[in-house]
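Here the structure comes first, spelled out in structure tokens, and everything after it is commentary.
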Amino acid sequence: MALPRLLITRRLPTTVEQHLDAHFDTTFNPDDTPLDRDQLAQAMRDYDALCPTITDRLDADILGIADARVRIIANFGAGVDHVDLAAARGAGIVVTNTPDVLTDATAELAILLMLSAARRAGEGERVLRAGEWSGWTPTNLIGQSIVGKTLGLVGFGRIAQMTAERARAGFGMKIAYFSRRRISAEIEAKLDARYVPSLEALATEADILSLHTPGGAETHHMIDAALLARMKPGAILVNTARGTVVDEAALAEALATGRIAAAGLDVYEKEPQVHPALLERDNAVLLPHLGSATIETRVAMGMRAAANLESFFDGREPRDRVA
């Protein structure tokens, strides 16, 4: 029996590619360049399965082509806001993701951004590399401590909870959160987390506001000029969620005027483009979407996608089906 035809849209860790190549008739993307709309549409006609990433926009027009062959989209990543799930359901295409395995790495990066922004680490490194450091002085690049501060988490899923756990255990931070649904009393007690009934109230009291919401229309520009105006002057905004959650122009203005102290960002609204005004701000720590970028996590993500594909073609329900 012929193996199912599978397209991997971007380069994956070698271990994952070797595993997939052994189980499927696999086509790779050796140039590792994002596929354009025409290529994605053709892939829908030529393959039984796709393994896309966040860089592949699979909208209703692409998913609904009349002569589609694809039966399953095994997304490499937990977020699926780049896939029109309603259109996939309408076309009878199964969609899966890779939850759970990104939790540790993304929470780790959220803590890194908090520390880097609070201690002005990025700014300090740029000064040193530019040859502008003249030596230690008592007032040079003074930042702030995060110990004992209030961490406000927007969204309280797995990654936010892990971030809270590490912030509390490592730095004695006070945990407050806002979410569409309040978490169980048991988890609140375990993390000593306090529910705040509105985003506005959380922004007013948080020393660090960390974003952990999905993307999409519901959360688009959730952090806007009005919300930033509610934050403390010494507050820090951290985003490891989706770039669309933040109005980047408003954030750049808030950083420029000292409305808030700093920001740490790993995601952007129009990746790989970054708002020019953010690039000009020394009090913005900017990382190139590294949330899950550990070898352990990326391999685990790939193996999770592979397991979903194998289950589907073996006639079993994929573990991580989202559509």
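Scheme for the structure tokens: letters A, B, ... for chains in order shown; per-chain residue numbers from 1; ligand numbers from 1 in order shown.
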Query - Contacts of segment 88-92 of chain A at 8 Å (only C-alpha atoms; same-chain gap of 6+ positions) as a list in words - result: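 Once the adjacent positions are removed, what remains is Ala60, Leu63, Gly64, Arg71 and Ala323 of chain A.
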Query raised in the report: Per DSSP on the backbone, what are the strand (DSSP E) residues of segment 84-306 of chain A, as a PyMOL selection string?
Result: chain A and resi 94-96+150-154+174-178+193-195+208-211+236-239+262-265+284-286
Requested in this report: Find the residue from A:Leu237, A:Leu153, A:Val267, A:Ile183 that sits nearest to Ala201 of chain A; use only C-alpha atoms when measuring.
Outcome: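 The answer is A:Leu153, which sits nearest to Ala201 of chain A.
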Query - Option closest in space to Val322 of chain A, from A:Leu228, A:Ala252, A:Leu115, A:Ile73 [counting only C-alpha atoms] - result: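 Under the stated criterion, the closest residue is A:Ile73.
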Query raised in the report: What's the 12 Å shell around Thr14 of chain A, counting only C-alpha atoms, without same-chain residues fewer than 6 positions away, as a VMD selection string?
Result: chain A and resid 20 to 21 28 30 295 298 to 299 302 to 303
Would you write out those residues with N, CA and C atoms, as a short mmCIF file (atom, residue, chain, number, x, y, z; two decimals), in the first residue's frame?
data_model
loop_
_atom_site.label_atom_id
_atom_site.label_comp_id
_atom_site.auth_asym_id
_atom_site.auth_seq_id
_atom_site.Cartn_x
_atom_site.Cartn_y
_atom_site.Cartn_z
N LEU A 20 9.37 11.28 10.27
CA LEU A 20 8.27 11.46 9.33
C LEU A 20 8.58 10.82 7.98
N ASP A 21 9.82 10.93 7.55
CA ASP A 21 10.22 10.36 6.26
C ASP A 21 10.11 8.84 6.27
N PHE A 28 9.81 17.72 1.77
CA PHE A 28 10.33 18.74 2.67
C PHE A 28 10.51 20.06 1.93
N PRO A 30 13.42 22.36 1.57
CA PRO A 30 14.85 22.55 1.88
C PRO A 30 15.27 24.01 1.97
N ILE A 295 15.68 22.81 21.72
CA ILE A 295 15.70 21.59 20.91
C ILE A 295 14.76 20.55 21.49
N ARG A 298 11.10 21.68 20.42
CA ARG A 298 10.80 21.57 18.99
C ARG A 298 10.74 20.10 18.54
N VAL A 299 11.57 19.26 19.11
CA VAL A 299 11.49 17.83 18.80
C VAL A 299 10.18 17.26 19.33
N GLY A 302 7.33 18.23 17.08
CA GLY A 302 7.32 17.45 15.85
C GLY A 302 6.82 16.03 16.06
N MET A 303 7.23 15.42 17.16
CA MET A 303 6.79 14.06 17.44
C MET A 303 5.30 14.02 17.78
#
Report task. Select, from A:Gly291, A:Pro272, A:Pro52, A:Gly234, the residue with the minimum atom-to-atom distance to Arg10 of chain A, counting only C-alpha atoms. Result ->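 Checking each candidate against Arg10 of chain A, we get A:Pro52 as the closest.
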Report task. Go through A:Ala262, A:Glu218, A:Thr294, A:Ser116 and flag the residue nearest Leu102 of chain A, using only C-alpha atoms for the distances. Result ->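 Among the listed residues, the smallest separation from Leu102 of chain A belongs to A:Thr294.
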Query raised in the report: Which residues, written as a ChimeraX atom specification, have at least one atom at most 9 Å from segment 306-311 of chain A, with only C-alpha atoms counted and residues fewer than 4 positions away on the same chain left out?
Result: /A:16,19-20,23,49,51,72-74,96-98,301-302,315-321
Could you tell me, as a PDB file with C-alpha atoms, in the first residue's frame, which residues of segment 17-67 of chain A DSSP assigns to alpha helix (DSSP H) when given the backbone?
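And here's part07.pdb as it stands now:
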ATOM      1  CA  GLU A  17      12.176  14.878   9.681  1.00  0.00           C
ATOM      2  CA  GLN A  18      13.780  11.430   9.745  1.00  0.00           C
ATOM      3  CA  HIS A  19      10.854   9.998  11.690  1.00  0.00           C
ATOM      4  CA  LEU A  20       8.266  11.456   9.327  1.00  0.00           C
ATOM      5  CA  ASP A  21      10.216  10.364   6.264  1.00  0.00           C
ATOM      6  CA  ALA A  22      10.160   6.791   7.559  1.00  0.00           C
ATOM      7  CA  HIS A  23       6.383   6.770   7.995  1.00  0.00           C
ATOM      8  CA  ARG A  37      -0.849  31.229  -1.452  1.00  0.00           C
ATOM      9  CA  ASP A  38      -0.501  29.528  -4.820  1.00  0.00           C
ATOM     10  CA  GLN A  39       1.880  26.946  -3.386  1.00  0.00           C
ATOM     11  CA  LEU A  40      -0.419  26.253  -0.433  1.00  0.00           C
ATOM     12  CA  ALA A  41      -3.411  25.894  -2.761  1.00  0.00           C
ATOM     13  CA  GLN A  42      -1.478  23.457  -4.950  1.00  0.00           C
ATOM     14  CA  ALA A  43      -0.405  21.520  -1.886  1.00  0.00           C
ATOM     15  CA  MET A  44      -4.063  21.064  -0.983  1.00  0.00           C
ATOM     16  CA  ARG A  45      -4.496  19.295  -4.330  1.00  0.00           C
ATOM     17  CA  ASP A  46      -1.282  17.231  -4.307  1.00  0.00           C
ATOM     18  CA  ALA A  60     -11.328  29.621   3.761  1.00  0.00           C
ATOM     19  CA  ASP A  61     -10.377  30.141   0.106  1.00  0.00           C
ATOM     20  CA  ILE A  62      -7.437  27.755   0.348  1.00  0.00           C
ATOM     21  CA  LEU A  63      -9.180  25.164   2.499  1.00  0.00           C
TER      22      LEU A  63
END
Requested in this report: Extract, using only C-alpha atoms, all DNA, RNA and protein residues at most 9 Å from Pro34 of chain A, discarding same-chain residues fewer than 6 positions from it, and format them as a PyMOL selection string.
Outcome: chain A and resi 9-10+55-56
With N, CA and C atoms kept, could you save the residues just selected as a PDB file, in the first residue's frame?
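Printed below is again-v3.pdb as written:
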ATOM      1  N   THR A   9       5.874  22.067   5.605  1.00  0.00           N
ATOM      2  CA  THR A   9       6.025  23.381   4.980  1.00  0.00           C
ATOM      3  C   THR A   9       7.295  24.122   5.381  1.00  0.00           C
ATOM      4  N   ARG A  10       7.898  23.784   6.524  1.00  0.00           N
ATOM      5  CA  ARG A  10       9.147  24.425   6.963  1.00  0.00           C
ATOM      6  C   ARG A  10      10.098  23.360   7.480  1.00  0.00           C
ATOM      7  N   THR A  55       3.521  30.314  10.047  1.00  0.00           N
ATOM      8  CA  THR A  55       3.785  31.156   8.879  1.00  0.00           C
ATOM      9  C   THR A  55       2.886  30.820   7.692  1.00  0.00           C
ATOM     10  N   ASP A  56       2.068  29.783   7.805  1.00  0.00           N
ATOM     11  CA  ASP A  56       1.197  29.353   6.704  1.00  0.00           C
ATOM     12  C   ASP A  56      -0.237  29.777   6.983  1.00  0.00           C
TER      13      ASP A  56
END
Requested in this report: Calculate how many Å separate atom CA of Lys270 of chain A from atom CA of Asp207 of chain A, rounding to one decimal.
Outcome: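 Atom CA of Lys270 of chain A sits 27.3 Å away from atom CA of Asp207 of chain A.
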Report task. For Leu7 of chain A, please output as a list in words all residues within 6 Å (counting only C-alpha atoms; exclusion window: fewer than 3 positions along the same chain). Result ->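 Using only C-alpha atoms, the neighbours found are Thr26, Thr27 and Leu50 of chain A.
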Go ahead and write the selection's residues with C-alpha atoms as a tab-separated table (two decimals), in the first residue's frame.
chain	number	residue	atom	x	y	z
A	26	THR	CA	7.26	13.05	2.69
A	27	THR	CA	8.15	16.23	0.83
A	50	LEU	CA	-0.04	18.98	5.53
Requested in this report: May I ask which of the residues A:Leu209, A:Ala2, A:Val127, A:Val94 is the closest one to Phe24 of chain A, counting only C-alpha atoms?
Outcome: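 Checking each of A:Leu209, A:Ala2, A:Val127, A:Val94 against Phe24 of chain A, counting only C-alpha atoms, the winner is A:Ala2.
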Report task. Pick out the residues sitting within 8 Å of Pro214 of chain A, and hand them over as a ChimeraX atom specification; count only C-alpha atoms, and ignore anything fewer than 3 positions along from it in its own chain. Result -> /A:79,81,219,241-242
Using C-alpha atoms, can you write the selected residues to a file as a PDB file, in the first residue's frame?
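Just written: again_20.pdb:
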ATOM      1  CA  GLY A  79      -1.823  28.023  18.285  1.00  0.00           C
ATOM      2  CA  ASP A  81      -5.364  31.055  14.641  1.00  0.00           C
ATOM      3  CA  THR A 219      -8.310  39.553  21.437  1.00  0.00           C
ATOM      4  CA  ALA A 241       1.127  35.114  23.209  1.00  0.00           C
ATOM      5  CA  ARG A 242       0.279  36.581  19.789  1.00  0.00           C
TER       6      ARG A 242
END
Report task. Using only C-alpha atoms, pick whichever of A:Ala164, A:Leu211, A:Ala117, A:Leu191 has the shortest atom-to-atom distance to Ser179 of chain A. Result -> A:Leu211
Report as a tab-separated table the residues of segment 37-140 of chain A within 10 Å of segment 277-288 of chain A, each with its shortest atom pair and distance in Å (one decimal), using only C-alpha atoms, ordered by chain and increasing residue number.
residue	atom	partner	partner_atom	distance
A:Leu109	CA	A:Leu287	CA	9.7
A:Leu113	CA	A:Val285	CA	7.1
A:Met114	CA	A:Val285	CA	9.3
A:Ser116	CA	A:Val285	CA	6.9
A:Ala117	CA	A:Val285	CA	6.0
A:Ala118	CA	A:Asn283	CA	9.2
A:Arg120	CA	A:Asn283	CA	7.1
A:Ala121	CA	A:Val285	CA	8.3
A:Gly122	CA	A:Val285	CA	6.0
A:Glu123	CA	A:Asp282	CA	5.8
A:Gly124	CA	A:Asp282	CA	9.4
A:Arg126	CA	A:Asp282	CA	9.1
Requested in this report: Could you jot down the atom CA of Val147 of chain A to atom CA of Lys190 of chain A separation for me, Å, one decimal place?
Outcome: 19.3 Å
